[in-house]
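**Student:** Please see the structure below; I have some questions.
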Amino acid sequence: MIFFKKTIQLILTMFSLTFSLYAGGNFDKALGAQSKGYYFEAIQYYRLELKRHPENHQARSNMAVSLFQVNDLKKAEMEMKRSLKGNPFSVDSNYNLGLMLKKLGRFKEAITRLEYAKRLRPSFFESYSQLADLYEKVENYAHAESTYSEMLKMKPKNPSLLFKFANFLVRATKYLEADKRFVQVLGLAGTDFNYNFAYALFLDHKIDRSEEAIKRYKIALKLKPGHVDSRLNLSLRLAKAGKVDEAKKNLKKLIGKYAPKSPHGYFHLGRLYKDESHYKKAIGLFNKAIALDPGGKKPYEEKASIYVVQKKYDLAAAQYLSISNFDPKYIKSYLFRGWAFETMGNPQGALSLYQEAQQISPLDLDVNLSLGNIYFTMNRKKEAITAYSKVLSIVDTHELARYRSGVLNFKMGDYDASKDHFEKIASESKFYQVSREYISDKSRLPSSTD
């Protein structure tokens, strides 16, 4: 559960239905159908009402809402504007048109309409809420913040509103102010799980106050002991703080008692054992994570890193092959397996994998660099130059690609191209001195380490 991101409410639940002076008959039937969600039926009754009473602007406004709810957007906007022509000072109609425009992505028009609704009825709280959201959408954070301040004058001790404001301040990166608002929220509703968990996430991931985050996660877990994300985040923060045994204890409790089918619990516990070089135990936990979530890449990658440490490159490559079986476009799989093949003395096998990767992602920098390097190793000069040229078209300052292009051109006797590459190597580069030696002495032969 993440609280810092802006959540989008269903606009359809927020429209304000207008009650009419023409109560009774078709209007009442339309309103009843609309309140139950029978929008097509409501539209028919409103049309009958308007046929009899075309001046019934409330019926037209409500019909526009139903039209919008059945996705007839153009007619909805047209009917709402017609209603406002006859009744321009209707707070509900101005507000509803603002919501429609917001849903249609016409944020500036929506702001104008909702500001007008707010002026017509300064106590209309929901118009402030919508405006705060809209000002954030158009990145006018100052107006959004001032709108929240106006709302808090109306509801100064509303924990839900304070919480919403705190999350806005987080998104606006005003962390000091956000912290104050979270504290206010918890002062009013300290036993609410969501508020405690959100504050723990804020302390943990935004302002890095480790001990306070740990304390807040623990409070949240007292309120909801089986909450998976709280226990996972607590364990990760404990491990980061050097409290590895307590972190492992929490994860064992998670998979042993509360969430035995949580792949994340097994994965993170496996990582802790891996960091302690308990590789056999770590691999067993990663295998359990894979069994619970076969489409997760990270356990395979962690296993591969263990096998690299153990110099079991064939087993390491097999992990990435498993990933390719369910995600054939995962470039890292080809690059890692290519590296493993090179390490095992199979450059041709590596080359085939890099070529496959290039077919999937022709402009990937790492793919083209790997191709350039393998061609360089195999002394296939022209192909290496072509690959390095693609690297340099992506990152003009890439030192290795620039230096090796110079070397390759030098070997092929194209001294002008070689000099051009070498002269572009910056003075702080580790290749600077040797590149200058090439430029000053055309008879110099590249060393075996080039």
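Each chain in the structure tokens gets a letter, A, B, ..., in the order shown, and its residues are numbered from 1; ligands are numbered from 1 in order too.
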Skip stretch 409-422 of chain A itself and residues of its chain fewer than 4 positions away, then list as a PyMOL selection string all residues within 6 Å of it, counting only C-alpha atoms.
**Tutor:** chain A and resi 402+435+439
**Student:** Would you list the contacts of A:Tyr46 as a ChimeraX atom specification, taking every protein, DNA or RNA residue within 10 Å and counting only C-alpha atoms, but skipping same-chain residues closer than 6 positions in sequence?
**Tutor:** /A:26-31,40,52-53,56,58-64,66
**Student:** Which residues in stretch 103-274 of chain A does DSSP call alpha helix (DSSP H)? List them as a ChimeraX atom specification.
**Tutor:** /A:103,107-120,125-137,141-154,159-171,175-188,193-205,210-223,228-240,244-253,263-274
**Student:** Keeping only C-alpha atoms, write the selected residues to a file as a compact mmCIF listing (two decimals), in the first residue's frame.
**Tutor:**
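The result, stored in out_1.txt:
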# COMPACT_ATOMS: atom_id res chain seq x y z
CA LYS A 103 -12.42 13.83 -16.29
CA PHE A 107 -7.89 20.89 -16.34
CA LYS A 108 -7.66 24.67 -16.80
CA GLU A 109 -11.31 24.89 -17.88
CA ALA A 110 -12.25 22.69 -14.94
CA ILE A 111 -10.41 24.98 -12.53
CA THR A 112 -12.25 28.04 -13.87
CA ARG A 113 -15.63 26.35 -13.45
CA LEU A 114 -14.89 24.99 -9.97
CA GLU A 115 -13.50 28.31 -8.77
CA TYR A 116 -16.77 29.87 -9.87
CA ALA A 117 -18.76 27.22 -7.96
CA LYS A 118 -16.63 27.95 -4.91
CA ARG A 119 -17.31 31.69 -5.18
CA LEU A 120 -21.04 31.06 -5.48
CA PHE A 125 -16.19 21.90 0.73
CA GLU A 126 -15.98 19.40 -2.14
CA SER A 127 -15.18 22.15 -4.63
CA TYR A 128 -12.03 22.96 -2.62
CA SER A 129 -11.03 19.29 -2.62
CA GLN A 130 -11.38 19.05 -6.40
CA LEU A 131 -9.49 22.29 -6.92
CA ALA A 132 -6.58 21.15 -4.75
CA ASP A 133 -6.32 18.03 -6.90
CA LEU A 134 -6.52 20.01 -10.14
CA TYR A 135 -3.92 22.58 -9.11
CA GLU A 136 -1.56 19.70 -8.37
CA LYS A 137 -2.27 18.18 -11.79
CA TYR A 141 1.69 23.59 -6.09
CA ALA A 142 1.36 26.98 -4.41
CA HIS A 143 -2.35 27.21 -5.28
CA ALA A 144 -2.87 23.58 -4.28
CA GLU A 145 -1.28 24.21 -0.91
CA SER A 146 -3.28 27.37 -0.30
CA THR A 147 -6.47 25.48 -1.19
CA TYR A 148 -5.63 22.80 1.37
CA SER A 149 -5.06 25.58 3.90
CA GLU A 150 -8.53 26.96 3.16
CA MET A 151 -10.00 23.48 3.65
CA LEU A 152 -8.23 23.10 6.98
CA LYS A 153 -9.78 26.35 8.19
CA MET A 154 -13.14 24.69 7.59
CA PRO A 159 -7.47 13.50 10.31
CA SER A 160 -8.48 12.34 6.83
CA LEU A 161 -7.99 15.84 5.40
CA LEU A 162 -4.71 16.34 7.26
CA PHE A 163 -3.52 12.98 5.93
CA LYS A 164 -4.43 13.95 2.38
CA PHE A 165 -2.57 17.22 2.83
CA ALA A 166 0.48 15.43 4.25
CA ASN A 167 0.63 13.15 1.21
CA PHE A 168 0.34 16.14 -1.11
CA LEU A 169 3.27 17.77 0.69
CA VAL A 170 5.31 14.58 0.22
CA ARG A 171 4.60 14.61 -3.51
CA TYR A 175 9.16 16.99 3.66
CA LEU A 176 9.51 19.19 6.74
CA GLU A 177 5.91 20.40 6.41
CA ALA A 178 4.72 16.89 5.58
CA ASP A 179 6.33 15.56 8.75
CA LYS A 180 4.45 18.13 10.85
CA ARG A 181 1.14 17.16 9.25
CA PHE A 182 1.72 13.44 9.78
CA VAL A 183 2.38 14.15 13.46
CA GLN A 184 -0.91 16.09 13.61
CA VAL A 185 -2.76 13.21 11.99
CA LEU A 186 -1.41 10.72 14.52
CA GLY A 187 -2.20 13.08 17.37
CA LEU A 188 -5.84 12.89 16.30
CA PHE A 193 -3.20 1.45 11.01
CA ASN A 194 -3.10 3.24 7.63
CA TYR A 195 -1.84 6.48 9.14
CA ASN A 196 0.89 4.72 11.12
CA PHE A 197 2.02 2.65 8.14
CA ALA A 198 2.08 5.69 5.85
CA TYR A 199 4.15 7.66 8.34
CA ALA A 200 6.55 4.73 8.69
CA LEU A 201 7.00 4.64 4.89
CA PHE A 202 7.62 8.38 4.90
CA LEU A 203 10.22 8.16 7.68
CA ASP A 204 11.85 5.18 5.97
CA HIS A 205 11.91 6.08 2.30
CA SER A 210 15.80 4.84 10.67
CA GLU A 211 14.97 4.35 14.35
CA GLU A 212 11.73 6.29 14.10
CA ALA A 213 10.71 4.30 11.03
CA ILE A 214 11.39 1.03 12.86
CA LYS A 215 9.33 2.20 15.83
CA ARG A 216 6.44 3.27 13.60
CA TYR A 217 6.43 -0.03 11.66
CA LYS A 218 6.23 -1.86 14.96
CA ILE A 219 3.26 0.26 16.05
CA ALA A 220 1.55 -0.50 12.74
CA LEU A 221 2.20 -4.23 13.22
CA LYS A 222 0.66 -4.17 16.69
CA LEU A 223 -2.48 -2.84 15.03
CA VAL A 228 2.77 -8.22 4.75
CA ASP A 229 4.15 -4.88 3.51
CA SER A 230 4.67 -3.57 7.04
CA ARG A 231 6.62 -6.64 8.07
CA LEU A 232 8.67 -6.66 4.85
CA ASN A 233 9.54 -2.98 5.14
CA LEU A 234 10.39 -3.36 8.82
CA SER A 235 12.70 -6.28 8.04
CA LEU A 236 14.48 -4.36 5.28
CA ARG A 237 14.94 -1.32 7.51
CA LEU A 238 16.20 -3.50 10.39
CA ALA A 239 18.74 -5.14 8.06
CA LYS A 240 19.86 -1.73 6.78
CA VAL A 244 20.07 -8.60 10.81
CA ASP A 245 19.01 -11.21 13.37
CA GLU A 246 15.87 -9.26 14.20
CA ALA A 247 15.19 -8.79 10.48
CA LYS A 248 15.46 -12.54 9.89
CA LYS A 249 13.20 -13.21 12.88
CA ASN A 250 10.53 -10.92 11.42
CA LEU A 251 10.72 -12.55 8.00
CA LYS A 252 10.52 -16.03 9.51
CA LYS A 253 7.43 -14.96 11.43
CA PRO A 263 7.37 -14.99 -2.35
CA HIS A 264 8.76 -11.67 -1.11
CA GLY A 265 9.24 -13.06 2.39
CA TYR A 266 11.31 -15.99 1.13
CA PHE A 267 13.21 -13.74 -1.29
CA HIS A 268 14.27 -11.14 1.29
CA LEU A 269 15.16 -13.81 3.84
CA GLY A 270 17.25 -15.47 1.15
CA ARG A 271 19.09 -12.22 0.49
CA LEU A 272 19.97 -11.89 4.16
CA TYR A 273 21.45 -15.39 4.20
CA LYS A 274 23.25 -14.66 0.93
